[in-house]
Amino acid sequence: MEGEKGSAKNADRRKKYLLETVNLLIKDLNSVMAGWEPNQQNYRAKFVANPDQSIEKIVSGLGKLSKGELAGERMFVAYDLRSKEDEHSCFSDNTHNDIVANAKGIENVFLGKYQSFTGENNISGPSIFDVLKQKDQVLADELKKTIATGIAESKKIEAPFDQQIKEESGRAQIAKTIGLFRKQGDLLAATASKFGFQFDPEAI
């Protein structure tokens with residue numbers, strides 16, 4: 001391939017596919033942004049108008065992602081079966097990074113903070129942690145610490161993930177990280193009870 005001129009078979013069709021995919025992604029992202037614009041009859045308006053329901057969605061979503069999805073489907077299945085086909089990102093070999101990103105995303109939502117990769121855009125506001133510590137400071141601090149530890153341990157999983165699930169040292173690190181994600185899922189379930197509702201952290 002030289003510049004924009006591809007010599008491979010079906011190069012034009014592949015180019016068209018990539019362009020259409022990017023355009024669809026931009027369209028979907030714009031739709032999400034519009035849904036969160038202030039002072040409109042959109043999802044944001046419904047979200048703000050029903051705070052108890054919104055808190056339930058946030059906490060149960062974090063809990064299910066932590067234990068049922070991340071620790072379970074995205075990690076334990078591949079770990080248990082030693083199967084590359086069942087890892088998070090089996091085609092890109094980016095599983096180790098994706099796990100960290102998933103864990104960081106959970107922390108961002110729980111703490112109500114976000115920092116861009118460049119460090120230029122910092123967003124923060126009232127969080128689940130802020131509300132929880134008013135009800136149970138000990139639980140809030142334990143959950144915050146567990147989430148932070150999960151991120152730190154997930155960063156120790158080396159690449160490629162499909163080789164780590166076969167080696168004893170790699171398996172030990174993966175198992176340790178899975179355990180932390182499961183624990184934070186259970187702690188989020190305990191958080192739910194503080195807010196007056198329940199959910200199954202194993203469910204996805």
# chains A, B, ... in the order shown; residues from 1 in each chain; ligands from 1
call {"tool": "closest_atom_pairs", "arguments": {"of": "stretch 105-136 of chain A", "to": "stretch 43-55 of chain A", "cutoff": "10 Å", "atoms": "only C-alpha atoms", "output": "CSV"}}
result
residue,atom,partner,partner_atom,distance
A:Ser127,CA,A:Ile55,CA,9.7
A:Ile128,CA,A:Ile55,CA,7.6
A:Val131,CA,A:Ile55,CA,9.7
call {"tool": "select_by_dssp", "arguments": {"residues": "chain A", "states": "strand (DSSP E or B)", "output": "PDB file with N, CA and C atoms, in the first residue's frame"}}
result
ATOM      1  N   GLU A   2       0.576   2.208  -0.865  1.00  0.00           N
ATOM      2  CA  GLU A   2       1.348   3.431  -0.965  1.00  0.00           C
ATOM      3  C   GLU A   2       0.388   4.626  -0.835  1.00  0.00           C
ATOM      4  N   LYS A   5      -3.417   5.043  -2.100  1.00  0.00           N
ATOM      5  CA  LYS A   5      -3.663   4.091  -3.172  1.00  0.00           C
ATOM      6  C   LYS A   5      -3.317   2.688  -2.705  1.00  0.00           C
ATOM      7  N   LYS A 113     -15.407  11.431  38.788  1.00  0.00           N
ATOM      8  CA  LYS A 113     -14.260  12.169  38.263  1.00  0.00           C
ATOM      9  C   LYS A 113     -13.789  11.565  36.943  1.00  0.00           C
ATOM     10  N   TYR A 114     -13.323  12.433  36.057  1.00  0.00           N
ATOM     11  CA  TYR A 114     -12.767  11.960  34.792  1.00  0.00           C
ATOM     12  C   TYR A 114     -11.635  12.877  34.359  1.00  0.00           C
ATOM     13  N   GLN A 115     -10.548  12.270  33.936  1.00  0.00           N
ATOM     14  CA  GLN A 115      -9.419  13.017  33.397  1.00  0.00           C
ATOM     15  C   GLN A 115      -9.064  12.442  32.037  1.00  0.00           C
ATOM     16  N   ASN A 122     -10.519  17.934  32.831  1.00  0.00           N
ATOM     17  CA  ASN A 122     -10.841  17.318  34.108  1.00  0.00           C
ATOM     18  C   ASN A 122     -12.287  17.636  34.464  1.00  0.00           C
ATOM     19  N   ILE A 123     -13.062  16.590  34.704  1.00  0.00           N
ATOM     20  CA  ILE A 123     -14.474  16.746  35.028  1.00  0.00           C
ATOM     21  C   ILE A 123     -14.725  16.099  36.379  1.00  0.00           C
ATOM     22  N   SER A 124     -15.471  16.771  37.234  1.00  0.00           N
ATOM     23  CA  SER A 124     -15.802  16.186  38.528  1.00  0.00           C
ATOM     24  C   SER A 124     -17.133  16.739  39.014  1.00  0.00           C
TER      25      SER A 124
END
call {"tool": "residues_around", "arguments": {"residues": "A:Ala71", "least_positions_apart": "2", "cutoff": "9 Å", "atoms": "only C-alpha atoms", "output": "PyMOL selection string"}}
result
chain A and resi 65-69+73-77+177-182
call {"tool": "write_last_selection", "arguments": {"atoms": "C-alpha atoms", "output": "CSV table (one decimal), in the first residue's frame"}}
result
chain,number,residue,atom,x,y,z
A,65,LEU,CA,-20.0,-4.8,35.3
A,66,SER,CA,-17.5,-5.5,38.2
A,67,LYS,CA,-18.5,-9.1,39.0
A,68,GLY,CA,-20.7,-10.6,36.4
A,69,GLU,CA,-19.2,-9.1,33.3
A,73,GLU,CA,-17.3,-13.2,31.3
A,74,ARG,CA,-14.4,-11.0,30.3
A,75,MET,CA,-11.7,-12.7,32.5
A,76,PHE,CA,-12.7,-15.9,34.4
A,77,VAL,CA,-14.0,-17.8,31.4
A,177,THR,CA,-7.3,-9.4,40.0
A,178,ILE,CA,-10.5,-11.4,39.4
A,179,GLY,CA,-10.9,-11.8,43.1
A,180,LEU,CA,-10.7,-8.0,43.6
A,181,PHE,CA,-13.3,-7.3,40.9
A,182,ARG,CA,-15.6,-9.9,42.5
call {"tool": "atom_distance", "arguments": {"atom1": "atom CA of A:Thr95", "atom2": "atom CA of A:Phe129"}}
result
28.1 Å
